[in-house]
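Note sheet for the following structure.
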Amino acid sequence: MFQHHERPAILGAICILVIMAGFDVWDDARQGESIDMLIWDVVLVGAVTGLLTYIFVFQPHAAHLRTRRLESEAMEQTAELNTLAHQARKQLEGLGVYMGVYISAQFDTWKLTPAEKEVALLLLKGLSMKEIASVRGISERTARQQATTVYGKAELDGRTGLSAYFLEDLLLPGPPS
């Protein structure tokens, strides 16, 4: 509505209006107006002055205080969100390390060769056979053969079974029955 620096000018204008109204009431009293009319003028001037003061001084000040409070709350929530994001990032990093160690250990248990381990890891990352062949610098046929060997040693039905084998350990248990 009004800027904080405009308040003194508005307050000054209200004071001038009050002084002018005061002179008007004084002039009316000098001219012999009835006491009822003078009281009515004073009440009316007081009500208008109070209303203007409320609208132009107290409302903007209250809005300013609300804005400052909301800004402070937003800053606190942003800080809390940043803290939670940092914690989540750390947990994901920890999970990545854990899964890397777990996957590597399982590959050793299945007695995969280094080439088969690399193919299995690329399969888990979702690369196509063509992409695996390109990354490893081998033919697509060789990549398919190594993938088939991985599935056989792991006793799994294919890429879906391989992914599900490791994904299953990440899933939280379902709701109780």
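Within each chain, counting starts at residue 1; across the structure tokens, chains are named A, B, ... in the order shown, with ligands numbered 1 upward in that order.
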Within 9 Å of segment 96-111 of chain A, counting only C-alpha atoms, which residues qualify if same-chain residues fewer than 5 places away don't, as a PyMOL selection string?
-> chain A and resi 91+116-117+120-121+150+153-154+166
Writer output for current selection, C-alpha atoms, as a compact mmCIF listing (two decimals), in the first residue's frame:
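Output below, filename selection30.txt:
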# COMPACT_ATOMS: atom_id res chain seq x y z
CA GLN A 91 22.11 -41.03 2.98
CA GLU A 116 31.02 -60.40 -16.90
CA LYS A 117 31.00 -58.09 -13.86
CA ALA A 120 26.27 -57.09 -15.38
CA LEU A 121 26.88 -53.63 -13.95
CA VAL A 150 25.83 -63.75 -16.09
CA LYS A 153 25.75 -68.12 -13.12
CA ALA A 154 23.26 -66.03 -11.09
CA PHE A 166 19.22 -56.13 -6.20
Could you write out, as a PyMOL selection string, all the residues of segment 31-76 of chain A that DSSP marks as alpha helix (DSSP H)?
-> chain A and resi 35-53+59-76
Closest contacts (segment 32-103 of chain A/segment 11-20 of chain A, max 8 Å, only C-alpha atoms) as a Markdown table:
| residue | atom | partner | partner_atom | distance |
| --- | --- | --- | --- | --- |
| A:Val45 | CA | A:Val18 | CA | 7.2 |
| A:Thr49 | CA | A:Val18 | CA | 6.8 |
| A:Leu52 | CA | A:Ile14 | CA | 7.3 |
| A:Thr53 | CA | A:Ile14 | CA | 7.2 |
| A:Phe56 | CA | A:Leu11 | CA | 7.9 |
| A:Val57 | CA | A:Leu11 | CA | 7.3 |
Print the selection's residues with N, CA and C atoms to a file, as a CSV table (one decimal), in the first residue's frame.
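Dumped everything to result03.csv:
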chain,number,residue,atom,x,y,z
A,45,VAL,N,-14.8,14.8,13.6
A,45,VAL,CA,-13.4,15.0,13.3
A,45,VAL,C,-12.5,13.9,14.0
A,49,THR,N,-10.3,11.3,11.9
A,49,THR,CA,-8.9,11.3,12.2
A,49,THR,C,-8.4,9.9,12.7
A,52,LEU,N,-8.4,7.6,9.6
A,52,LEU,CA,-7.3,7.9,8.7
A,52,LEU,C,-6.0,7.4,9.3
A,53,THR,N,-5.8,7.6,10.6
A,53,THR,CA,-4.6,7.2,11.2
A,53,THR,C,-4.5,5.7,11.2
A,56,PHE,N,-3.8,4.7,7.3
A,56,PHE,CA,-2.6,5.1,6.7
A,56,PHE,C,-1.3,4.9,7.6
A,57,VAL,N,-1.5,4.6,8.9
A,57,VAL,CA,-0.4,4.4,9.7
A,57,VAL,C,-0.3,3.0,10.3
May I have the residues within 12 Å of segment 134-139 of chain A as number ranges by chain, using only C-alpha atoms and disregarding those fewer than 2 positions away in the same chain?
-> A: 114-119, 121-123, 127-132, 141-146
